[in-house]
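Data file: target_5.txt. Format and content: compact mmCIF, N, CA and C atoms.
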```txt
# COMPACT_ATOMS: atom_id res chain seq x y z
N MET G 97 -22.54 9.87 -19.38
CA MET G 97 -22.77 9.28 -18.09
C MET G 97 -21.93 10.01 -17.04
N ILE G 98 -22.53 10.39 -15.96
CA ILE G 98 -21.85 11.09 -14.88
C ILE G 98 -21.48 10.08 -13.80
N GLN G 99 -20.20 10.09 -13.43
CA GLN G 99 -19.78 9.21 -12.35
C GLN G 99 -20.00 9.91 -11.03
N THR G 100 -20.46 9.16 -10.07
CA THR G 100 -20.66 9.71 -8.74
C THR G 100 -19.75 8.99 -7.77
N ARG G 101 -19.41 9.65 -6.72
CA ARG G 101 -18.56 9.09 -5.69
C ARG G 101 -19.37 8.13 -4.82
N ARG G 102 -18.73 7.04 -4.44
CA ARG G 102 -19.42 6.12 -3.54
C ARG G 102 -19.69 6.81 -2.23
N LYS G 103 -20.81 6.45 -1.65
CA LYS G 103 -21.16 7.03 -0.36
C LYS G 103 -20.19 6.56 0.71
N GLY G 104 -20.00 7.37 1.71
CA GLY G 104 -19.12 7.00 2.81
C GLY G 104 -17.98 7.98 2.96
N ILE G 105 -16.94 7.52 3.59
CA ILE G 105 -15.78 8.36 3.88
C ILE G 105 -14.96 8.54 2.61
N ASP G 106 -14.48 9.75 2.37
CA ASP G 106 -13.67 10.00 1.18
C ASP G 106 -12.29 9.34 1.31
N PRO G 107 -11.66 9.01 0.20
CA PRO G 107 -10.38 8.28 0.22
C PRO G 107 -9.27 8.99 0.99
N ALA G 108 -9.20 10.31 0.92
CA ALA G 108 -8.16 11.04 1.65
C ALA G 108 -8.32 10.86 3.15
N ARG G 109 -9.54 10.89 3.60
CA ARG G 109 -9.79 10.70 5.04
C ARG G 109 -9.45 9.28 5.45
N ARG G 110 -9.80 8.30 4.63
CA ARG G 110 -9.45 6.90 4.94
C ARG G 110 -7.93 6.75 5.00
N GLY G 111 -7.22 7.43 4.10
CA GLY G 111 -5.77 7.38 4.12
C GLY G 111 -5.18 7.97 5.38
N ARG G 112 -5.72 9.11 5.80
CA ARG G 112 -5.24 9.74 7.05
C ARG G 112 -5.52 8.83 8.24
N GLU G 113 -6.68 8.20 8.25
CA GLU G 113 -7.01 7.29 9.35
C GLU G 113 -6.07 6.09 9.38
N ALA G 114 -5.73 5.56 8.20
CA ALA G 114 -4.79 4.44 8.12
C ALA G 114 -3.41 4.85 8.63
N GLU G 115 -2.97 6.06 8.26
CA GLU G 115 -1.67 6.55 8.74
C GLU G 115 -1.67 6.73 10.26
N GLU G 116 -2.75 7.25 10.79
CA GLU G 116 -2.85 7.43 12.24
C GLU G 116 -2.85 6.08 12.95
N ARG G 117 -3.55 5.15 12.39
CA ARG G 117 -3.59 3.80 12.96
C ARG G 117 -2.21 3.16 12.95
N ALA G 118 -1.50 3.32 11.84
CA ALA G 118 -0.15 2.77 11.72
C ALA G 118 0.79 3.44 12.73
N ARG G 119 0.70 4.77 12.84
CA ARG G 119 1.55 5.49 13.79
C ARG G 119 1.31 5.00 15.22
N THR G 120 0.06 4.89 15.59
CA THR G 120 -0.29 4.42 16.93
C THR G 120 0.24 3.01 17.16
N TYR G 121 0.07 2.15 16.18
CA TYR G 121 0.56 0.78 16.29
C TYR G 121 2.07 0.75 16.48
N LEU G 122 2.80 1.48 15.63
CA LEU G 122 4.26 1.47 15.70
C LEU G 122 4.77 2.07 17.00
N GLU G 123 4.12 3.13 17.47
CA GLU G 123 4.52 3.70 18.75
C GLU G 123 4.29 2.68 19.87
N GLY G 124 3.24 1.89 19.75
CA GLY G 124 2.99 0.82 20.71
C GLY G 124 4.06 -0.27 20.68
N GLN G 125 4.77 -0.36 19.56
CA GLN G 125 5.87 -1.31 19.41
C GLN G 125 7.21 -0.71 19.79
N GLY G 126 7.19 0.54 20.28
CA GLY G 126 8.42 1.17 20.77
C GLY G 126 9.08 2.17 19.83
N LEU G 127 8.52 2.40 18.65
CA LEU G 127 9.09 3.40 17.75
C LEU G 127 8.65 4.79 18.17
N ARG G 128 9.40 5.79 17.75
CA ARG G 128 9.09 7.18 18.09
C ARG G 128 8.90 7.97 16.80
N THR G 129 7.84 8.76 16.73
CA THR G 129 7.54 9.54 15.53
C THR G 129 8.47 10.74 15.42
N LEU G 130 9.10 10.89 14.25
CA LEU G 130 9.95 12.04 13.97
C LEU G 130 9.24 13.03 13.05
N ALA G 131 8.46 12.51 12.10
CA ALA G 131 7.75 13.39 11.16
C ALA G 131 6.59 12.62 10.53
N ARG G 132 5.60 13.38 10.10
CA ARG G 132 4.47 12.81 9.38
C ARG G 132 4.38 13.51 8.03
N ASN G 133 4.11 12.76 6.99
CA ASN G 133 3.95 13.29 5.63
C ASN G 133 5.11 14.19 5.22
N PHE G 134 6.32 13.66 5.32
CA PHE G 134 7.52 14.38 4.90
C PHE G 134 7.51 14.44 3.38
N ARG G 135 7.46 15.65 2.83
CA ARG G 135 7.33 15.84 1.38
C ARG G 135 8.57 16.49 0.78
N THR G 136 8.90 16.01 -0.40
CA THR G 136 9.93 16.64 -1.22
C THR G 136 9.33 16.79 -2.62
N ARG G 137 10.08 17.42 -3.49
CA ARG G 137 9.62 17.57 -4.87
C ARG G 137 9.41 16.23 -5.56
N ARG G 138 10.20 15.24 -5.18
CA ARG G 138 10.19 13.96 -5.89
C ARG G 138 9.52 12.83 -5.13
N GLY G 139 8.97 13.09 -3.96
CA GLY G 139 8.32 12.01 -3.23
C GLY G 139 7.85 12.43 -1.85
N GLU G 140 7.12 11.54 -1.23
CA GLU G 140 6.59 11.77 0.12
C GLU G 140 6.73 10.49 0.93
N ILE G 141 6.99 10.68 2.22
CA ILE G 141 7.06 9.56 3.14
C ILE G 141 5.96 9.77 4.17
N ASP G 142 5.12 8.75 4.35
CA ASP G 142 3.98 8.88 5.26
C ASP G 142 4.43 9.13 6.69
N LEU G 143 5.35 8.31 7.18
CA LEU G 143 5.84 8.44 8.55
C LEU G 143 7.35 8.27 8.57
N VAL G 144 8.01 9.12 9.32
CA VAL G 144 9.44 8.95 9.60
C VAL G 144 9.52 8.71 11.09
N MET G 145 10.09 7.55 11.45
CA MET G 145 10.11 7.16 12.85
C MET G 145 11.52 6.75 13.26
N ALA G 146 11.73 6.66 14.56
CA ALA G 146 13.01 6.19 15.08
C ALA G 146 12.79 4.87 15.79
N ASP G 147 13.63 3.90 15.47
CA ASP G 147 13.62 2.60 16.14
C ASP G 147 15.02 2.43 16.73
N GLY G 148 15.17 2.90 17.97
CA GLY G 148 16.50 2.96 18.56
C GLY G 148 17.30 3.99 17.80
N GLY G 149 18.45 3.61 17.27
CA GLY G 149 19.29 4.53 16.52
C GLY G 149 19.06 4.48 15.01
N VAL G 150 18.00 3.83 14.58
CA VAL G 150 17.72 3.68 13.14
C VAL G 150 16.53 4.54 12.75
N THR G 151 16.67 5.29 11.65
CA THR G 151 15.55 6.04 11.09
C THR G 151 14.74 5.08 10.24
N VAL G 152 13.43 5.08 10.45
CA VAL G 152 12.53 4.17 9.74
C VAL G 152 11.60 5.00 8.86
N PHE G 153 11.67 4.77 7.56
CA PHE G 153 10.77 5.42 6.61
C PHE G 153 9.61 4.46 6.37
N VAL G 154 8.41 4.90 6.72
CA VAL G 154 7.26 4.01 6.70
C VAL G 154 6.27 4.43 5.61
N GLU G 155 5.96 3.48 4.75
CA GLU G 155 4.90 3.66 3.76
C GLU G 155 3.66 2.95 4.30
N VAL G 156 2.55 3.68 4.37
CA VAL G 156 1.30 3.12 4.87
C VAL G 156 0.38 2.89 3.68
N ARG G 157 -0.14 1.70 3.57
CA ARG G 157 -1.04 1.36 2.47
C ARG G 157 -2.32 0.75 3.02
N ARG G 158 -3.41 1.09 2.37
CA ARG G 158 -4.72 0.58 2.79
C ARG G 158 -5.45 0.09 1.55
N ARG G 159 -6.08 -1.02 1.71
CA ARG G 159 -6.94 -1.54 0.64
C ARG G 159 -8.28 -1.91 1.29
N SER G 160 -9.35 -1.47 0.66
CA SER G 160 -10.67 -1.76 1.21
C SER G 160 -11.29 -3.00 0.58
N HIS G 161 -10.75 -3.43 -0.57
CA HIS G 161 -11.34 -4.58 -1.23
C HIS G 161 -10.24 -5.43 -1.87
N PRO G 162 -10.26 -6.74 -1.64
CA PRO G 162 -9.19 -7.61 -2.15
C PRO G 162 -9.14 -7.73 -3.67
N ASP G 163 -10.19 -7.32 -4.38
CA ASP G 163 -10.19 -7.39 -5.85
C ASP G 163 -9.11 -6.49 -6.45
N TYR G 164 -8.63 -5.51 -5.71
CA TYR G 164 -7.62 -4.59 -6.21
C TYR G 164 -6.21 -5.07 -5.88
N GLY G 165 -6.08 -6.24 -5.31
CA GLY G 165 -4.78 -6.74 -4.89
C GLY G 165 -4.53 -6.34 -3.44
N SER G 166 -3.49 -6.88 -2.87
CA SER G 166 -3.19 -6.57 -1.47
C SER G 166 -2.57 -5.18 -1.36
N ALA G 167 -2.64 -4.63 -0.18
CA ALA G 167 -2.04 -3.31 0.06
C ALA G 167 -0.53 -3.37 -0.15
N ALA G 168 0.10 -4.44 0.30
CA ALA G 168 1.55 -4.57 0.15
C ALA G 168 1.96 -4.62 -1.32
N GLU G 169 1.15 -5.26 -2.16
CA GLU G 169 1.47 -5.35 -3.59
C GLU G 169 1.44 -3.99 -4.28
N SER G 170 0.78 -3.04 -3.68
CA SER G 170 0.67 -1.72 -4.31
C SER G 170 1.94 -0.87 -4.13
N VAL G 171 2.90 -1.34 -3.35
CA VAL G 171 4.17 -0.63 -3.21
C VAL G 171 5.10 -1.16 -4.31
N ASP G 172 4.88 -0.63 -5.51
CA ASP G 172 5.60 -1.11 -6.67
C ASP G 172 6.96 -0.42 -6.82
N ARG G 173 7.69 -0.79 -7.87
CA ARG G 173 9.03 -0.24 -8.09
C ARG G 173 9.04 1.28 -8.18
N ARG G 174 8.09 1.83 -8.88
CA ARG G 174 8.03 3.30 -9.02
C ARG G 174 7.80 3.97 -7.66
N LYS G 175 6.91 3.41 -6.85
CA LYS G 175 6.65 3.96 -5.53
C LYS G 175 7.90 3.86 -4.66
N ARG G 176 8.59 2.73 -4.72
CA ARG G 176 9.82 2.56 -3.94
C ARG G 176 10.86 3.58 -4.35
N GLN G 177 10.95 3.89 -5.63
CA GLN G 177 11.91 4.90 -6.09
C GLN G 177 11.57 6.28 -5.53
N ARG G 178 10.29 6.64 -5.53
CA ARG G 178 9.88 7.94 -4.96
C ARG G 178 10.18 8.00 -3.47
N LEU G 179 9.92 6.90 -2.77
CA LEU G 179 10.24 6.86 -1.34
C LEU G 179 11.75 7.02 -1.12
N SER G 180 12.54 6.37 -1.96
CA SER G 180 14.00 6.46 -1.83
C SER G 180 14.49 7.89 -2.04
N HIS G 181 13.93 8.58 -3.02
CA HIS G 181 14.33 9.97 -3.26
C HIS G 181 14.03 10.84 -2.03
N ALA G 182 12.84 10.68 -1.47
CA ALA G 182 12.47 11.46 -0.29
C ALA G 182 13.36 11.09 0.90
N ALA G 183 13.65 9.80 1.04
CA ALA G 183 14.50 9.35 2.15
C ALA G 183 15.90 9.95 2.05
N ARG G 184 16.43 10.01 0.84
CA ARG G 184 17.76 10.62 0.66
C ARG G 184 17.75 12.08 1.08
N ALA G 185 16.67 12.79 0.78
CA ALA G 185 16.56 14.19 1.20
C ALA G 185 16.55 14.29 2.72
N TRP G 186 15.83 13.40 3.39
CA TRP G 186 15.80 13.39 4.86
C TRP G 186 17.20 13.11 5.40
N LEU G 187 17.85 12.08 4.86
CA LEU G 187 19.16 11.67 5.36
C LEU G 187 20.24 12.70 5.06
N ALA G 188 20.07 13.53 4.04
CA ALA G 188 21.03 14.60 3.77
C ALA G 188 21.05 15.60 4.92
N ARG G 189 19.90 15.78 5.56
CA ARG G 189 19.80 16.71 6.70
C ARG G 189 19.96 16.02 8.05
N ASN G 190 19.70 14.70 8.06
CA ASN G 190 19.73 13.92 9.30
C ASN G 190 20.46 12.61 9.05
N PRO G 191 21.78 12.64 8.93
CA PRO G 191 22.53 11.43 8.57
C PRO G 191 22.34 10.31 9.60
N GLY G 192 22.44 9.10 9.12
CA GLY G 192 22.36 7.94 10.02
C GLY G 192 21.92 6.70 9.27
N TRP G 193 21.74 5.63 10.03
CA TRP G 193 21.26 4.37 9.48
C TRP G 193 19.76 4.46 9.25
N ALA G 194 19.28 3.76 8.23
CA ALA G 194 17.86 3.82 7.92
C ALA G 194 17.37 2.51 7.30
N ARG G 195 16.06 2.33 7.37
CA ARG G 195 15.43 1.21 6.69
C ARG G 195 14.04 1.65 6.21
N PHE G 196 13.48 0.85 5.31
CA PHE G 196 12.15 1.11 4.79
C PHE G 196 11.20 0.03 5.29
N ASP G 197 10.13 0.45 5.95
CA ASP G 197 9.10 -0.47 6.41
C ASP G 197 7.80 -0.16 5.68
N VAL G 198 6.94 -1.15 5.60
CA VAL G 198 5.61 -0.95 5.04
C VAL G 198 4.61 -1.43 6.08
N VAL G 199 3.61 -0.61 6.33
CA VAL G 199 2.50 -0.99 7.20
C VAL G 199 1.25 -0.99 6.35
N THR G 200 0.56 -2.13 6.36
CA THR G 200 -0.67 -2.23 5.58
C THR G 200 -1.85 -2.42 6.51
N THR G 201 -2.98 -1.91 6.07
CA THR G 201 -4.22 -2.16 6.78
C THR G 201 -5.20 -2.74 5.78
N ASP G 202 -5.69 -3.89 6.08
CA ASP G 202 -6.71 -4.56 5.28
C ASP G 202 -7.86 -4.84 6.24
N GLY G 203 -8.92 -4.06 6.13
CA GLY G 203 -10.00 -4.21 7.10
C GLY G 203 -9.54 -3.75 8.46
N ASP G 204 -9.68 -4.61 9.46
CA ASP G 204 -9.30 -4.25 10.83
C ASP G 204 -7.90 -4.73 11.20
N THR G 205 -7.17 -5.29 10.26
CA THR G 205 -5.88 -5.89 10.55
C THR G 205 -4.74 -4.96 10.14
N VAL G 206 -3.73 -4.85 11.02
CA VAL G 206 -2.53 -4.09 10.72
C VAL G 206 -1.39 -5.08 10.53
N HIS G 207 -0.66 -4.95 9.41
CA HIS G 207 0.49 -5.79 9.13
C HIS G 207 1.72 -4.88 9.02
N TRP G 208 2.78 -5.25 9.72
CA TRP G 208 4.01 -4.47 9.71
C TRP G 208 5.11 -5.30 9.05
N VAL G 209 5.65 -4.81 7.96
CA VAL G 209 6.74 -5.48 7.26
C VAL G 209 8.00 -4.66 7.50
N ARG G 210 8.86 -5.16 8.36
CA ARG G 210 10.12 -4.47 8.65
C ARG G 210 11.10 -4.71 7.51
N ASP G 211 11.89 -3.69 7.22
CA ASP G 211 12.92 -3.81 6.20
C ASP G 211 12.33 -4.39 4.91
N ALA G 212 11.23 -3.77 4.46
CA ALA G 212 10.44 -4.29 3.34
C ALA G 212 11.18 -4.25 2.01
N PHE G 213 12.06 -3.29 1.83
CA PHE G 213 12.84 -3.21 0.59
C PHE G 213 14.07 -2.37 0.84
N GLN G 214 15.00 -2.44 -0.12
CA GLN G 214 16.23 -1.66 -0.04
C GLN G 214 16.15 -0.51 -1.03
N ASP G 215 16.65 0.61 -0.67
CA ASP G 215 16.73 1.85 -1.45
C ASP G 215 16.28 1.75 -2.91
N GLY G 216 14.97 1.80 -3.11
CA GLY G 216 14.41 1.88 -4.46
C GLY G 216 14.22 0.56 -5.17
N ARG G 217 14.56 -0.54 -4.54
CA ARG G 217 14.44 -1.84 -5.22
C ARG G 217 13.28 -2.63 -4.71
```

Please lay out the structure from this file as structure tokens.
Amino acid sequence: MIQTRRKGIDPARRGREAEERARTYLEGQGLRTLARNFRTRRGEIDLVMADGGVTVFVEVRRRSHPDYGSAAESVDRRKRQRLSHAARAWLARNPGWARFDVVTTDGDTVHWVRDAFQDGR
């Protein structure tokens, strides 16, 4: 049996659109974009933003169907650890205070969870 891709927009494009939507939303809330898709060997951060004097590492999650669980639930322990590794690399070059936020998009709704978790936990 050959599996075929569902018709419509490919997942990578939907992910980029969700990240753009999150960035626009956060900038509307007063944050400033420092970097997009910051990558290291051990992890990637979707958005690095500034909220006053605090560096904000933002994970953007999108879910198209509730049967797969909520977008926020998909930021599991392993994902938090990868984000923490990447954040440490950023902070080694750009010292300062930081927090981890999660922005989820479920349909047309954007949810912003400030200070969603602490360094890998």

Let me have the centre and edge lengths of the axis-aligned box enclosing all listed atoms of range 191-196 of chain G with 8 Å padding on every side, in Å to one decimal, as lines of an AutoDock Vina configuration file.
```
center_x = 16.9
center_y = 6.3
center_z = 7.4
size_x = 27.3
size_y = 28.6
size_z = 21.2
```

Considering only alpha helix (DSSP H) as DSSP defines it on the backbone, what residues of chain G qualify? List them as a CSV table (one decimal) with N, CA and C atoms, in the frame of the given file.
```csv
chain,number,residue,atom,x,y,z
G,107,PRO,N,-11.7,9.0,0.2
G,107,PRO,CA,-10.4,8.3,0.2
G,107,PRO,C,-9.3,9.0,1.0
G,108,ALA,N,-9.2,10.3,0.9
G,108,ALA,CA,-8.2,11.0,1.6
G,108,ALA,C,-8.3,10.9,3.2
G,109,ARG,N,-9.5,10.9,3.6
G,109,ARG,CA,-9.8,10.7,5.0
G,109,ARG,C,-9.4,9.3,5.4
G,110,ARG,N,-9.8,8.3,4.6
G,110,ARG,CA,-9.4,6.9,4.9
G,110,ARG,C,-7.9,6.8,5.0
G,111,GLY,N,-7.2,7.4,4.1
G,111,GLY,CA,-5.8,7.4,4.1
G,111,GLY,C,-5.2,8.0,5.4
G,112,ARG,N,-5.7,9.1,5.8
G,112,ARG,CA,-5.2,9.7,7.0
G,112,ARG,C,-5.5,8.8,8.2
G,113,GLU,N,-6.7,8.2,8.2
G,113,GLU,CA,-7.0,7.3,9.4
G,113,GLU,C,-6.1,6.1,9.4
G,114,ALA,N,-5.7,5.6,8.2
G,114,ALA,CA,-4.8,4.4,8.1
G,114,ALA,C,-3.4,4.8,8.6
G,115,GLU,N,-3.0,6.1,8.3
G,115,GLU,CA,-1.7,6.6,8.7
G,115,GLU,C,-1.7,6.7,10.3
G,116,GLU,N,-2.8,7.2,10.8
G,116,GLU,CA,-2.8,7.4,12.2
G,116,GLU,C,-2.8,6.1,13.0
G,117,ARG,N,-3.6,5.2,12.4
G,117,ARG,CA,-3.6,3.8,13.0
G,117,ARG,C,-2.2,3.2,13.0
G,118,ALA,N,-1.5,3.3,11.8
G,118,ALA,CA,-0.2,2.8,11.7
G,118,ALA,C,0.8,3.4,12.7
G,119,ARG,N,0.7,4.8,12.8
G,119,ARG,CA,1.6,5.5,13.8
G,119,ARG,C,1.3,5.0,15.2
G,120,THR,N,0.1,4.9,15.6
G,120,THR,CA,-0.3,4.4,16.9
G,120,THR,C,0.2,3.0,17.2
G,121,TYR,N,0.1,2.2,16.2
G,121,TYR,CA,0.6,0.8,16.3
G,121,TYR,C,2.1,0.8,16.5
G,122,LEU,N,2.8,1.5,15.6
G,122,LEU,CA,4.3,1.5,15.7
G,122,LEU,C,4.8,2.1,17.0
G,123,GLU,N,4.1,3.1,17.5
G,123,GLU,CA,4.5,3.7,18.8
G,123,GLU,C,4.3,2.7,19.9
G,124,GLY,N,3.2,1.9,19.8
G,124,GLY,CA,3.0,0.8,20.7
G,124,GLY,C,4.1,-0.3,20.7
G,173,ARG,N,7.7,-0.8,-7.9
G,173,ARG,CA,9.0,-0.2,-8.1
G,173,ARG,C,9.0,1.3,-8.2
G,174,ARG,N,8.1,1.8,-8.9
G,174,ARG,CA,8.0,3.3,-9.0
G,174,ARG,C,7.8,4.0,-7.7
G,175,LYS,N,6.9,3.4,-6.8
G,175,LYS,CA,6.6,4.0,-5.5
G,175,LYS,C,7.9,3.9,-4.7
G,176,ARG,N,8.6,2.7,-4.7
G,176,ARG,CA,9.8,2.6,-3.9
G,176,ARG,C,10.9,3.6,-4.4
G,177,GLN,N,11.0,3.9,-5.6
G,177,GLN,CA,11.9,4.9,-6.1
G,177,GLN,C,11.6,6.3,-5.5
G,178,ARG,N,10.3,6.6,-5.5
G,178,ARG,CA,9.9,7.9,-5.0
G,178,ARG,C,10.2,8.0,-3.5
G,179,LEU,N,9.9,6.9,-2.8
G,179,LEU,CA,10.2,6.9,-1.3
G,179,LEU,C,11.8,7.0,-1.1
G,180,SER,N,12.5,6.4,-2.0
G,180,SER,CA,14.0,6.5,-1.8
G,180,SER,C,14.5,7.9,-2.0
G,181,HIS,N,13.9,8.6,-3.0
G,181,HIS,CA,14.3,10.0,-3.3
G,181,HIS,C,14.0,10.8,-2.0
G,182,ALA,N,12.8,10.7,-1.5
G,182,ALA,CA,12.5,11.5,-0.3
G,182,ALA,C,13.4,11.1,0.9
G,183,ALA,N,13.6,9.8,1.0
G,183,ALA,CA,14.5,9.4,2.2
G,183,ALA,C,15.9,10.0,2.0
G,184,ARG,N,16.4,10.0,0.8
G,184,ARG,CA,17.8,10.6,0.7
G,184,ARG,C,17.8,12.1,1.1
G,185,ALA,N,16.7,12.8,0.8
G,185,ALA,CA,16.6,14.2,1.2
G,185,ALA,C,16.6,14.3,2.7
G,186,TRP,N,15.8,13.4,3.4
G,186,TRP,CA,15.8,13.4,4.9
G,186,TRP,C,17.2,13.1,5.4
G,187,LEU,N,17.8,12.1,4.9
G,187,LEU,CA,19.2,11.7,5.4
G,187,LEU,C,20.2,12.7,5.1
G,188,ALA,N,20.1,13.5,4.0
G,188,ALA,CA,21.0,14.6,3.8
G,188,ALA,C,21.0,15.6,4.9
G,189,ARG,N,19.9,15.8,5.6
G,189,ARG,CA,19.8,16.7,6.7
G,189,ARG,C,20.0,16.0,8.0
```

Just the residues within 8 Å of Arg128 in chain G, please, counting only N, CA and C atoms, with nothing from its chain fewer than 2 positions along; format it as a PDB file with N, CA and C atoms, in the frame of the given file.
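Done, and the output landed in part-v7.pdb:
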```pdb
ATOM      1  N   LEU G 122       2.800   1.480  15.630  1.00  0.00           N
ATOM      2  CA  LEU G 122       4.260   1.470  15.700  1.00  0.00           C
ATOM      3  C   LEU G 122       4.770   2.070  17.000  1.00  0.00           C
ATOM      4  N   GLU G 123       4.120   3.130  17.470  1.00  0.00           N
ATOM      5  CA  GLU G 123       4.520   3.700  18.750  1.00  0.00           C
ATOM      6  C   GLU G 123       4.290   2.680  19.870  1.00  0.00           C
ATOM      7  N   GLY G 124       3.240   1.890  19.750  1.00  0.00           N
ATOM      8  CA  GLY G 124       2.990   0.820  20.710  1.00  0.00           C
ATOM      9  C   GLY G 124       4.060  -0.270  20.680  1.00  0.00           C
ATOM     10  N   GLN G 125       4.770  -0.360  19.560  1.00  0.00           N
ATOM     11  CA  GLN G 125       5.870  -1.310  19.410  1.00  0.00           C
ATOM     12  C   GLN G 125       7.210  -0.710  19.790  1.00  0.00           C
ATOM     13  N   GLY G 126       7.190   0.540  20.280  1.00  0.00           N
ATOM     14  CA  GLY G 126       8.420   1.170  20.770  1.00  0.00           C
ATOM     15  C   GLY G 126       9.080   2.170  19.830  1.00  0.00           C
ATOM     16  N   LEU G 130       9.100  10.890  14.250  1.00  0.00           N
ATOM     17  CA  LEU G 130       9.950  12.040  13.970  1.00  0.00           C
ATOM     18  C   LEU G 130       9.240  13.030  13.050  1.00  0.00           C
ATOM     19  N   ALA G 131       8.460  12.510  12.100  1.00  0.00           N
ATOM     20  CA  ALA G 131       7.750  13.390  11.160  1.00  0.00           C
ATOM     21  C   ALA G 131       6.590  12.620  10.530  1.00  0.00           C
ATOM     22  N   VAL G 144       8.010   9.120   9.320  1.00  0.00           N
ATOM     23  CA  VAL G 144       9.440   8.950   9.600  1.00  0.00           C
ATOM     24  C   VAL G 144       9.520   8.710  11.090  1.00  0.00           C
ATOM     25  N   MET G 145      10.090   7.550  11.450  1.00  0.00           N
ATOM     26  CA  MET G 145      10.110   7.160  12.850  1.00  0.00           C
ATOM     27  C   MET G 145      11.520   6.750  13.260  1.00  0.00           C
ATOM     28  N   ALA G 146      11.730   6.660  14.560  1.00  0.00           N
ATOM     29  CA  ALA G 146      13.010   6.190  15.080  1.00  0.00           C
ATOM     30  C   ALA G 146      12.790   4.870  15.790  1.00  0.00           C
ATOM     31  N   ASP G 147      13.630   3.900  15.470  1.00  0.00           N
ATOM     32  CA  ASP G 147      13.620   2.600  16.140  1.00  0.00           C
ATOM     33  C   ASP G 147      15.020   2.430  16.730  1.00  0.00           C
ATOM     34  N   GLY G 148      15.170   2.900  17.970  1.00  0.00           N
ATOM     35  CA  GLY G 148      16.500   2.960  18.560  1.00  0.00           C
ATOM     36  C   GLY G 148      17.300   3.990  17.800  1.00  0.00           C
TER      37      GLY G 148
END
```

Quiz item: G:Arg112, G:Arg176, G:Arg158, G:Arg132: which is nearest Asp215 in chain G, counting all atoms listed in the file?
Solution: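 The shortest atom-to-atom distance to Asp215 in chain G comes from G:Arg176.
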
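Going from atom C of Arg109 in chain G to atom C of Val150 in chain G covers 27.4 Å.
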
Practice problem: May I have the residues within 6 Å of range 193-210 of chain G as a list in words, using only C-alpha atoms and disregarding those fewer than 6 positions away in the same chain? | Solution: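 These residues fall inside the cut-off: Val150, Thr151, Val152, Phe153, Val154, Glu155, Val156, Arg157, Arg158, Arg159 and Ala167 of chain G.
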
Quiz item: If you run DSSP on the backbone, which residues of chain G are strand (DSSP E), as number ranges by chain?
Solution: G: 128-136, 139-147, 150-159, 193-202, 205-213

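The space separating CA of Glu115 in chain G from CA of Leu143 in chain G comes to 7.7 Å.
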
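Between CA of Arg178 in chain G and CA of Arg138 in chain G the interatomic distance comes to 6.1 Å.
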
Quiz item: Which residue gives the smallest distance to Gln214 in chain G among G:Leu187, G:Ser180, G:Glu140, G:Phe134, with all atoms listed in the file counted?
Solution: G:Ser180
